[in-house]
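The file target11.cif contains mmCIF, C-alpha atoms:
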data_target
loop_
_atom_site.label_atom_id
_atom_site.label_comp_id
_atom_site.auth_asym_id
_atom_site.auth_seq_id
_atom_site.Cartn_x
_atom_site.Cartn_y
_atom_site.Cartn_z
CA MET A 1 233.51 100.64 50.03
CA THR A 2 235.79 100.86 53.08
CA ASP A 3 237.25 104.17 54.26
CA ARG A 4 240.64 103.10 52.94
CA GLU A 5 239.15 102.36 49.50
CA PHE A 6 237.34 105.71 49.60
CA PHE A 7 240.50 107.72 50.26
CA GLU A 8 242.50 105.64 47.77
CA LYS A 9 239.85 106.40 45.15
CA LEU A 10 239.97 110.09 46.03
CA ALA A 11 243.79 110.05 45.78
CA GLU A 12 243.46 108.37 42.36
CA CYS A 13 241.06 111.14 41.24
CA GLU A 14 243.60 113.71 42.46
CA ARG A 15 246.37 112.00 40.49
CA ASP A 16 244.19 111.93 37.35
CA ARG A 17 242.94 115.49 38.02
CA LEU A 18 239.37 114.17 37.77
CA PRO A 19 236.95 116.61 39.44
CA VAL A 20 234.69 114.80 41.91
CA CYS A 21 232.44 115.47 44.86
CA ALA A 22 232.74 113.60 48.15
CA ALA A 23 229.60 113.17 50.23
CA THR A 24 229.86 112.15 53.90
CA ILE A 25 227.08 111.62 56.45
CA VAL A 26 228.21 113.87 59.32
CA ARG A 27 225.18 113.70 61.60
CA THR A 28 222.04 111.57 61.88
CA PHE A 29 218.74 112.03 63.70
CA GLY A 30 216.39 109.10 64.27
CA SER A 31 216.43 106.09 62.00
CA THR A 32 218.60 106.40 58.87
CA PRO A 33 219.72 103.84 56.28
CA ARG A 34 223.45 104.44 56.90
CA GLU A 35 225.43 105.60 59.89
CA THR A 36 227.55 108.72 60.44
CA GLY A 37 230.74 108.38 58.41
CA ALA A 38 229.20 106.63 55.37
CA LYS A 39 230.76 108.07 52.21
CA MET A 40 230.19 108.37 48.49
CA ILE A 41 232.12 109.84 45.55
CA ILE A 42 230.21 111.49 42.69
CA THR A 43 231.77 112.48 39.35
CA ALA A 44 230.65 115.30 37.06
CA ASP A 45 228.88 112.79 34.78
CA GLY A 46 226.84 111.57 37.74
CA SER A 47 228.46 108.18 38.29
CA THR A 48 229.09 107.16 41.91
CA TRP A 49 231.21 104.96 44.18
CA GLY A 50 230.05 103.97 47.63
CA SER A 51 226.71 104.86 49.20
CA VAL A 52 225.17 107.23 51.71
CA GLY A 53 221.89 105.34 51.85
CA GLY A 54 220.31 104.93 48.44
CA GLY A 55 216.93 106.09 47.16
CA CYS A 56 215.74 109.68 47.19
CA GLY A 57 218.31 110.79 49.76
CA GLU A 58 221.03 109.75 47.38
CA ASN A 59 219.33 111.52 44.45
CA GLN A 60 219.33 114.71 46.51
CA VAL A 61 223.05 114.22 47.19
CA ARG A 62 223.74 113.62 43.52
CA SER A 63 222.05 116.83 42.36
CA ALA A 64 223.66 118.84 45.17
CA SER A 65 227.04 117.41 44.12
CA LEU A 66 226.62 118.48 40.53
CA LYS A 67 225.68 121.99 41.69
CA CYS A 68 228.78 122.13 43.96
CA LEU A 69 231.05 120.81 41.26
CA LEU A 70 229.81 122.89 38.35
CA VAL A 71 228.28 126.04 39.86
CA THR A 72 229.21 127.05 43.44
CA LYS A 73 232.55 125.17 43.71
CA LYS A 74 232.12 125.31 47.51
CA PRO A 75 231.22 122.68 50.14
CA LEU A 76 227.58 122.40 51.13
CA LEU A 77 225.97 120.96 54.24
CA LEU A 78 222.87 119.18 53.04
CA ASP A 79 219.88 118.42 55.25
CA VAL A 80 218.27 115.21 54.00
CA ASP A 81 214.86 114.58 55.52
CA LEU A 82 213.66 110.99 55.08
CA THR A 83 210.26 111.84 56.58
CA ASP A 84 209.03 114.15 53.82
CA ASP A 85 206.33 113.34 51.26
CA LEU A 86 208.76 113.10 48.39
CA GLY A 87 210.89 110.57 50.25
CA THR A 88 207.91 108.49 51.31
CA LYS A 89 206.63 108.31 47.74
CA GLY A 90 210.09 107.29 46.61
CA GLY A 91 210.27 104.57 49.22
CA ASP A 92 212.51 106.31 51.79
CA VAL A 93 210.48 105.51 54.86
CA CYS A 94 213.29 105.24 57.39
CA GLY A 95 211.81 108.26 59.13
CA GLY A 96 215.06 109.94 60.16
CA ARG A 97 217.10 112.90 59.05
CA MET A 98 220.74 113.23 58.13
CA HIS A 99 223.23 115.99 57.51
CA ILE A 100 225.46 115.21 54.57
CA LEU A 101 228.59 117.22 53.84
CA VAL A 102 229.12 117.56 50.10
CA GLU A 103 232.65 118.71 49.16
CA PRO A 104 233.84 119.44 45.63
CA TYR A 105 237.42 118.42 44.82
CA ILE A 106 238.44 120.34 41.73
CA TRP A 107 242.25 119.87 42.17
CA ALA A 108 243.80 123.21 41.22
CA MET B 109 251.75 116.32 50.03
CA SER B 110 247.97 116.70 49.94
CA ILE B 111 245.91 115.81 52.98
CA ILE B 112 244.22 113.05 50.97
CA HIS B 113 247.59 111.40 50.30
CA THR B 114 248.62 111.71 53.93
CA THR B 115 245.30 110.10 54.91
CA VAL B 116 245.90 107.17 52.53
CA GLU B 117 249.44 106.71 53.91
CA LEU B 118 248.29 106.77 57.54
CA LEU B 119 245.58 104.20 56.75
CA ALA B 120 248.10 101.96 54.95
CA ALA B 121 250.43 102.24 57.96
CA GLY B 122 247.67 100.92 60.25
CA ARG B 123 247.29 104.12 62.25
CA THR B 124 244.12 105.26 64.04
CA PHE B 125 243.51 108.97 63.66
CA CYS B 126 241.01 111.76 63.28
CA LEU B 127 240.27 113.69 60.09
CA ALA B 128 238.51 116.92 61.08
CA THR B 129 236.57 118.83 58.41
CA VAL B 130 234.78 122.15 58.80
CA ALA B 131 231.21 121.28 57.76
CA SER B 132 229.86 124.84 57.94
CA SER B 133 231.22 128.11 59.19
CA GLY B 134 229.78 131.47 60.21
CA ASP B 135 233.30 132.70 61.03
CA GLU B 136 234.93 134.60 58.17
CA ARG B 137 238.42 133.32 59.15
CA VAL B 138 237.35 129.72 58.59
CA ALA B 139 236.22 128.28 55.24
CA ALA B 140 233.94 125.25 55.02
CA GLY B 141 235.91 122.22 53.85
CA THR B 142 239.05 123.19 55.84
CA LYS B 143 240.72 120.02 57.18
CA ALA B 144 243.15 118.88 59.86
CA LEU B 145 244.64 115.47 60.75
CA ILE B 146 245.12 114.58 64.40
CA LEU B 147 246.86 111.37 65.52
CA GLU B 148 245.88 109.22 68.51
CA ASP B 149 248.67 110.68 70.67
CA GLY B 150 247.40 114.21 70.02
CA THR B 151 249.99 115.11 67.38
CA VAL B 152 248.53 117.43 64.76
CA GLU B 153 249.84 115.85 61.55
CA GLN B 154 248.39 118.57 59.35
CA ALA B 155 246.94 121.79 60.79
CA THR B 156 244.43 124.23 59.29
CA GLY B 157 246.68 127.25 59.80
CA VAL B 158 243.96 129.17 61.65
CA ASP B 159 245.41 129.32 65.18
CA ALA B 160 242.14 129.63 67.11
CA LEU B 161 240.70 126.69 65.18
CA ASP B 162 243.80 124.48 65.52
CA ALA B 163 243.88 125.11 69.25
CA ALA B 164 240.27 123.96 69.59
CA LEU B 165 240.59 120.97 67.21
CA GLY B 166 243.37 119.08 69.05
CA GLY B 167 241.50 118.58 72.31
CA ALA B 168 238.17 117.90 70.64
CA ALA B 169 239.74 115.29 68.33
CA LEU B 170 241.21 113.42 71.29
CA GLU B 171 237.80 113.35 73.00
CA VAL B 172 236.22 112.05 69.80
CA LEU B 173 238.91 109.36 69.38
CA ALA B 174 238.42 108.25 72.99
CA SER B 175 234.63 108.05 72.51
CA ARG B 176 235.05 105.97 69.31
CA ARG B 177 232.04 107.83 67.87
CA ARG B 178 232.28 109.90 64.73
CA GLN B 179 230.48 113.17 65.33
CA THR B 180 229.88 116.81 64.45
CA ARG B 181 230.74 119.43 67.09
CA GLU B 182 230.64 123.21 67.31
CA VAL B 183 234.29 123.95 68.15
CA LEU B 184 234.17 127.75 67.78
CA PRO B 185 231.03 129.93 67.77
CA GLY B 186 229.25 129.21 64.47
CA VAL B 187 231.90 126.70 63.29
CA LEU B 188 230.65 123.12 62.93
CA VAL B 189 233.38 120.51 62.50
CA TYR B 190 232.86 116.89 61.51
CA PHE B 191 235.34 114.54 63.19
CA ASP B 192 235.88 111.35 61.22
CA ILE B 193 237.66 108.47 62.95
CA LEU B 194 239.79 106.48 60.53
CA PHE B 195 241.60 103.22 61.17
CA GLN B 196 242.90 100.14 59.44
CA LYS B 197 240.32 97.62 58.32
CA THR B 198 240.15 94.58 60.55
CA ARG B 199 241.85 91.48 59.15
CA LEU B 200 240.38 88.06 59.81
CA VAL B 201 242.88 85.22 59.78
CA VAL B 202 241.17 81.86 59.30
CA CYS B 203 243.33 78.86 60.27
CA GLY B 204 241.92 75.85 58.43
CA ALA B 205 240.40 75.93 54.93
CA GLY B 206 237.67 73.30 55.39
CA HIS B 207 233.87 73.37 54.99
CA ILE B 208 233.20 76.19 57.45
CA ALA B 209 236.03 78.38 56.16
CA ILE B 210 234.36 78.84 52.76
CA PRO B 211 231.11 80.50 53.93
CA LEU B 212 232.94 82.20 56.83
CA ALA B 213 235.47 83.85 54.50
CA ARG B 214 232.62 84.96 52.24
CA PHE B 215 230.42 86.41 55.02
CA ALA B 216 233.39 88.07 56.73
CA ARG B 217 234.36 89.79 53.49
CA GLU B 218 230.80 90.97 52.95
CA VAL B 219 230.66 92.57 56.40
CA GLY B 220 233.92 94.39 55.73
CA PHE B 221 236.83 92.25 56.92
CA GLU B 222 239.97 91.62 54.90
CA VAL B 223 240.40 87.85 54.99
CA THR B 224 243.48 85.61 55.07
CA VAL B 225 242.99 81.82 54.93
CA ILE B 226 245.77 79.40 55.89
CA ASP B 227 245.95 75.63 55.43
CA ASP B 228 248.85 73.24 54.97
CA ARG B 229 246.87 71.24 52.36
CA GLU B 230 247.34 72.82 48.94
CA ASP B 231 244.09 71.47 47.48
CA PHE B 232 242.15 73.09 50.35
CA ALA B 233 244.11 76.35 50.45
CA SER B 234 243.41 77.21 46.83
CA PRO B 235 242.50 80.75 45.68
CA GLU B 236 239.47 79.45 43.68
CA ARG B 237 237.82 78.31 46.93
CA PHE B 238 238.28 81.75 48.53
CA PRO B 239 237.64 84.56 46.03
CA GLY B 240 238.86 87.95 47.18
CA CYS B 241 240.87 86.47 50.05
CA GLU B 242 244.58 86.11 50.67
CA VAL B 243 245.16 82.35 50.62
CA ILE B 244 248.33 80.82 52.10
CA ALA B 245 249.12 77.13 51.41
CA ARG B 246 251.83 76.47 53.96
CA ASP B 247 252.39 74.89 57.38
CA PHE B 248 250.39 76.83 59.95
CA VAL B 249 253.18 77.86 62.31
CA PRO B 250 255.59 79.48 59.81
CA ALA B 251 252.63 81.02 57.93
CA LEU B 252 251.32 82.64 61.13
CA ARG B 253 254.80 83.70 62.20
CA ASP B 254 255.21 85.69 58.97
CA LEU B 255 251.83 87.48 59.26
CA PRO B 256 251.73 90.96 60.75
CA MET B 257 249.32 90.98 63.73
CA ASN B 258 247.96 93.78 65.90
CA ARG B 259 244.74 94.84 67.60
CA ALA B 260 243.12 94.97 64.16
CA THR B 261 243.77 91.24 63.64
CA TYR B 262 241.03 88.72 64.43
CA ALA B 263 241.92 85.01 64.35
CA VAL B 264 239.55 82.06 63.99
CA VAL B 265 241.03 78.60 64.54
CA ILE B 266 239.05 75.92 62.73
CA THR B 267 241.63 73.36 61.58
CA ARG B 268 240.92 69.68 60.95
CA GLY B 269 242.40 68.44 64.23
CA HIS B 270 243.26 69.45 67.74
CA GLU B 271 247.03 69.18 67.19
CA HIS B 272 246.83 71.83 64.49
CA ASP B 273 244.43 73.91 66.62
CA ALA B 274 246.95 73.84 69.45
CA GLU B 275 249.95 74.78 67.33
CA CYS B 276 248.02 77.66 65.71
CA LEU B 277 246.80 78.98 69.05
CA ALA B 278 250.26 78.71 70.62
CA GLU B 279 251.59 80.92 67.82
CA ILE B 280 248.67 83.39 67.81
CA LEU B 281 248.52 83.85 71.59
CA LYS B 282 252.15 85.02 71.64
CA ARG B 283 251.11 87.97 69.51
CA GLU B 284 248.80 90.96 69.86
CA THR B 285 245.29 90.31 68.50
CA GLY B 286 241.82 91.83 68.71
CA TYR B 287 239.97 88.52 68.88
CA VAL B 288 240.80 84.83 69.00
CA GLY B 289 238.12 82.17 68.55
CA LEU B 290 238.50 78.38 68.72
CA ILE B 291 236.01 75.87 67.37
CA GLY B 292 235.28 72.49 68.91
CA SER B 293 233.31 70.53 71.44
CA ARG B 294 233.77 71.51 75.09
CA ARG B 295 235.93 68.40 75.57
CA ARG B 296 238.23 69.05 72.63
CA VAL B 297 238.53 72.72 73.52
CA ALA B 298 239.31 71.98 77.18
CA PHE B 299 241.97 69.51 76.06
CA VAL B 300 243.63 72.06 73.74
CA LEU B 301 243.59 74.89 76.31
CA GLU B 302 244.98 72.62 79.03
CA MET B 303 247.78 71.53 76.73
CA LEU B 304 248.67 75.17 75.98
CA GLY B 305 248.62 76.00 79.68
CA ARG B 306 251.18 73.22 80.25
CA GLN B 307 253.30 74.73 77.45
CA GLY B 308 253.49 77.95 79.43
CA ILE B 309 250.89 80.18 77.71
CA PRO B 310 249.61 82.44 80.51
CA GLY B 311 246.12 81.73 81.83
CA SER B 312 245.04 85.34 81.26
CA ARG B 313 245.76 84.95 77.53
CA LEU B 314 243.96 81.58 77.37
CA GLU B 315 240.90 83.27 78.91
CA ASP B 316 240.87 85.69 75.95
CA VAL B 317 240.00 82.81 73.61
CA PHE B 318 236.34 82.81 72.58
CA THR B 319 235.19 79.24 72.84
CA PRO B 320 232.87 77.59 72.06
CA ILE B 321 233.10 79.93 69.10
CA GLY B 322 230.20 82.02 67.77
CA ILE B 323 226.89 83.38 68.99
CA PRO B 324 224.68 80.43 70.08
CA ILE B 325 221.97 80.41 67.41
CA GLY B 326 221.66 76.63 67.24
CA ALA B 327 223.85 76.41 64.13
CA GLU B 328 224.34 72.95 62.57
CA SER B 329 225.40 73.24 58.92
CA PRO B 330 228.76 74.80 57.93
CA GLU B 331 226.91 77.85 56.59
CA GLU B 332 224.92 78.27 59.81
CA ILE B 333 228.08 77.94 61.88
CA ALA B 334 229.72 80.55 59.66
CA VAL B 335 226.79 82.93 60.32
CA SER B 336 227.18 82.36 64.06
CA ILE B 337 230.94 83.09 63.93
CA ALA B 338 230.50 86.10 61.63
CA ALA B 339 227.89 87.52 64.06
CA GLU B 340 230.38 87.21 66.91
CA LEU B 341 233.06 88.97 64.84
CA VAL B 342 230.70 91.85 64.04
CA CYS B 343 229.64 92.14 67.70
CA MET B 344 233.30 92.15 68.75
CA ARG B 345 234.18 94.87 66.24
CA ARG B 346 231.17 97.08 67.02
CA LYS B 347 230.73 96.55 70.75
CA GLY B 348 233.98 95.12 72.11
CA PRO B 349 234.82 91.95 74.07
CA ARG B 350 232.73 92.64 77.16
CA GLN B 351 229.47 92.91 75.25
CA ALA B 352 230.36 90.05 72.88
CA ARG B 353 230.85 87.75 75.89
CA ALA B 354 227.75 89.07 77.66
CA LEU B 355 225.69 88.33 74.54
CA LYS B 356 226.96 84.72 74.38
CA ASP B 357 226.42 84.17 78.08
CA SER B 358 222.93 85.64 78.15
CA ILE B 359 221.78 83.43 75.27
CA ARG B 360 223.30 80.36 76.93
CA GLY B 361 221.53 81.33 80.13
CA LEU B 362 218.17 81.03 78.32
CA ARG B 363 218.48 77.28 78.00
#
Translate the structure described by the file into structure tokens.
Amino acid sequence: MTDREFFEKLAECERDRLPVCAATIVRTFGSTPRETGAKMIITADGSTWGSVGGGCGENQVRSASLKCLLVTKKPLLLDVDLTDDLGTKGGDVCGGRMHILVEPYIWA
Amino acid sequence: MSIIHTTVELLAAGRTFCLATVASSGDERVAAGTKALILEDGTVEQATGVDALDAALGGAALEVLASRRRQTREVLPGVLVYFDILFQKTRLVVCGAGHIAIPLARFAREVGFEVTVIDDREDFASPERFPGCEVIARDFVPALRDLPMNRATYAVVITRGHEHDAECLAEILKRETGYVGLIGSRRRVAFVLEMLGRQGIPGSRLEDVFTPIGIPIGAESPEEIAVSIAAELVCMRRKGPRQARALKDSIRGLR
């Protein structure tokens, strides 16, 4: 998904008043599957467009998104560590770390 | 209008700009998620409304735009802002819809280009041969003349003959482009460039043409040649012309 497609999708969600979360990689350390600026949209039913790297990192983003969307209703800066045991078992062996900004769009 | 809509409109208009988002904040005046849009000339298209923050964002956004690197910065004590750089997707214009054009259009699309294919032969310039691409079956010169071109336009000239190569290049080199590549043997290429020089195309513009086209990986088949060209396009987009040329030259130097 290109940036233009991402923002067009987000604008479409706004038009349809569909609550979604946007996840953006805002900082990376070491080796990561996607670069700074990679983006993903997550809906309340858990479906996604785009990618911030796949695997366990993305699962973490998905659960954080649902929490933002349904509970806190506030942005969250997520620290995704691809060096931890959980990640390694899940196949995320890139070895880096990334900060992912998760923002709920609830469209008042 | 919402900032999302403004962003979509700026992207559609081909602008390059910065979308700044507060990623986290320890300052009670500034909420996480607050956004501002800053254009390449420093104009703040949409401000946050927090004066201290807006004052800091403008300058930082211009530095980020100049660096061409998306990044997170601490712009006020305890306030981390992510600066996203947004711009129009690069368009690849392929002149000539022959054997190489098919895999080239496919690979270019997969690495994120929007692709336009032009050929004057209707059976070659058919949409079924180029899924997901804009396909124009028309004489090259009027087709090119009607296409918008700017620094986000890359052109690859791979027509079936040097007359068509020359007429395409003559049209393309009059316009602003981000990359121009010409296929062909050294002899054919030299002949075409010399002809264009005689027609009055400035030498500095002729030197911009990447030829022989592609990164030298020893490509033979149409698919291999397409990989070599696509690699050059990616290098150009990511690293710029100086490094793309240096890469070509250093590989040639290995022989």
List, as a JSON list (two decimals) with C-alpha atoms, keeping the file's coordinate frame, every residue that the PyMOL selection byres ((chain A) within 7 of (chain B)) selects in the file provided.
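Below is the file selection34.json, written as the result:
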[["chain", "number", "residue", "atom", "x", "y", "z"],
["A", 4, "ARG", "CA", 240.64, 103.10, 52.94],
["A", 7, "PHE", "CA", 240.50, 107.72, 50.26],
["A", 8, "GLU", "CA", 242.50, 105.64, 47.77],
["A", 11, "ALA", "CA", 243.79, 110.05, 45.78],
["A", 26, "VAL", "CA", 228.21, 113.87, 59.32],
["A", 27, "ARG", "CA", 225.18, 113.70, 61.60],
["A", 36, "THR", "CA", 227.55, 108.72, 60.44],
["A", 37, "GLY", "CA", 230.74, 108.38, 58.41],
["A", 75, "PRO", "CA", 231.22, 122.68, 50.14],
["A", 77, "LEU", "CA", 225.97, 120.96, 54.24],
["A", 101, "LEU", "CA", 228.59, 117.22, 53.84],
["A", 103, "GLU", "CA", 232.65, 118.71, 49.16]]
If we count only C-alpha atoms and set the cut-off at 12 Å, which residues sit around Arg62 of chain A, ignoring sequence neighbours fewer than 6 positions away in its own chain? Please answer as a compact mmCIF listing (two decimals) with C-alpha atoms, keeping the file's coordinate frame.
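Output contents, as saved in around-v2.txt:
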# COMPACT_ATOMS: atom_id res chain seq x y z
CA VAL A 20 234.69 114.80 41.91
CA CYS A 21 232.44 115.47 44.86
CA ALA A 22 232.74 113.60 48.15
CA ALA A 23 229.60 113.17 50.23
CA MET A 40 230.19 108.37 48.49
CA ILE A 41 232.12 109.84 45.55
CA ILE A 42 230.21 111.49 42.69
CA THR A 43 231.77 112.48 39.35
CA ALA A 44 230.65 115.30 37.06
CA ASP A 45 228.88 112.79 34.78
CA GLY A 46 226.84 111.57 37.74
CA SER A 47 228.46 108.18 38.29
CA THR A 48 229.09 107.16 41.91
CA TRP A 49 231.21 104.96 44.18
CA SER A 51 226.71 104.86 49.20
CA VAL A 52 225.17 107.23 51.71
CA GLY A 53 221.89 105.34 51.85
CA GLY A 54 220.31 104.93 48.44
CA GLY A 55 216.93 106.09 47.16
CA CYS A 56 215.74 109.68 47.19
CA CYS A 68 228.78 122.13 43.96
CA LEU A 69 231.05 120.81 41.26
CA LEU A 78 222.87 119.18 53.04
CA VAL A 80 218.27 115.21 54.00
CA ILE A 100 225.46 115.21 54.57
CA LEU A 101 228.59 117.22 53.84
CA VAL A 102 229.12 117.56 50.10
CA GLU A 103 232.65 118.71 49.16
CA PRO A 104 233.84 119.44 45.63
Using Å and a single decimal, report how far atom CA of Arg353 of chain B sits from atom CA of Val297 of chain B.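 Interatomic distance here is 17.0 Å.
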For the structure provided, state which residues fall under the PyMOL selection byres ((chain B and resi 276-290) around 9), and present them as an MDAnalysis selection string. chainID B and resid 198 203 248:249 252:253 257:267 271:275 291:292 297 300:301 304 307 309 313:314 316:322 337 341 344:345 349
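What separates atom CA of Val243 of chain B from atom CA of Glu12 of chain A is a distance of 27.4 Å.
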Grab the atom CA of His207 of chain B to atom CA of Ala334 of chain B distance for me, in Å with one decimal place.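 Atom-to-atom, atom CA of His207 of chain B to atom CA of Ala334 of chain B, that is 9.5 Å.
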Can you pull out every residue within 8 Å of Ala169 of chain B, counting all atoms listed in the file, but drop anything in the same chain fewer than 5 positions away, and send it as a short mmCIF file (atom, residue, chain, number, x, y, z; two decimals) with C-alpha atoms, in the coordinates of the input?
data_model
loop_
_atom_site.label_atom_id
_atom_site.label_comp_id
_atom_site.auth_asym_id
_atom_site.auth_seq_id
_atom_site.Cartn_x
_atom_site.Cartn_y
_atom_site.Cartn_z
CA CYS B 126 241.01 111.76 63.28
CA ALA B 128 238.51 116.92 61.08
CA ILE B 146 245.12 114.58 64.40
CA GLY B 150 247.40 114.21 70.02
CA PHE B 191 235.34 114.54 63.19
#
Would you write out, as a VMD selection string, every residue that the PyMOL selection byres ((chain B and resi 211) around 10) captures in this file? chain B and resid 206 to 210 212 to 217 237 to 238 330 to 335 338
Residue nearest Glu14 of chain A - candidates B:Ser293, B:Cys241, B:Ala251, B:Met109, atoms counted: only C-alpha atoms: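 Among the listed residues, B:Met109 lies closest to Glu14 of chain A.
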Considering all atoms listed in the file, can you say which of A:Thr2, A:Ser65, A:Thr32, A:Ala38 comes closest to Tyr105 of chain A?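 Answer, going by the shortest atom-to-atom distance: A:Ser65.
Nearest residue to Glu218 of chain B among B:Ala339, B:Leu161, B:Met303, B:Ala327 is B:Ala339, counting only C-alpha atoms.
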For Ala354 of chain B, which residue out of B:Ala174, B:Ile323, B:Val225, B:Ala121 is the nearest one, using all atoms listed in the file?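 For Ala354 of chain B, the nearest of the candidates is B:Ile323.
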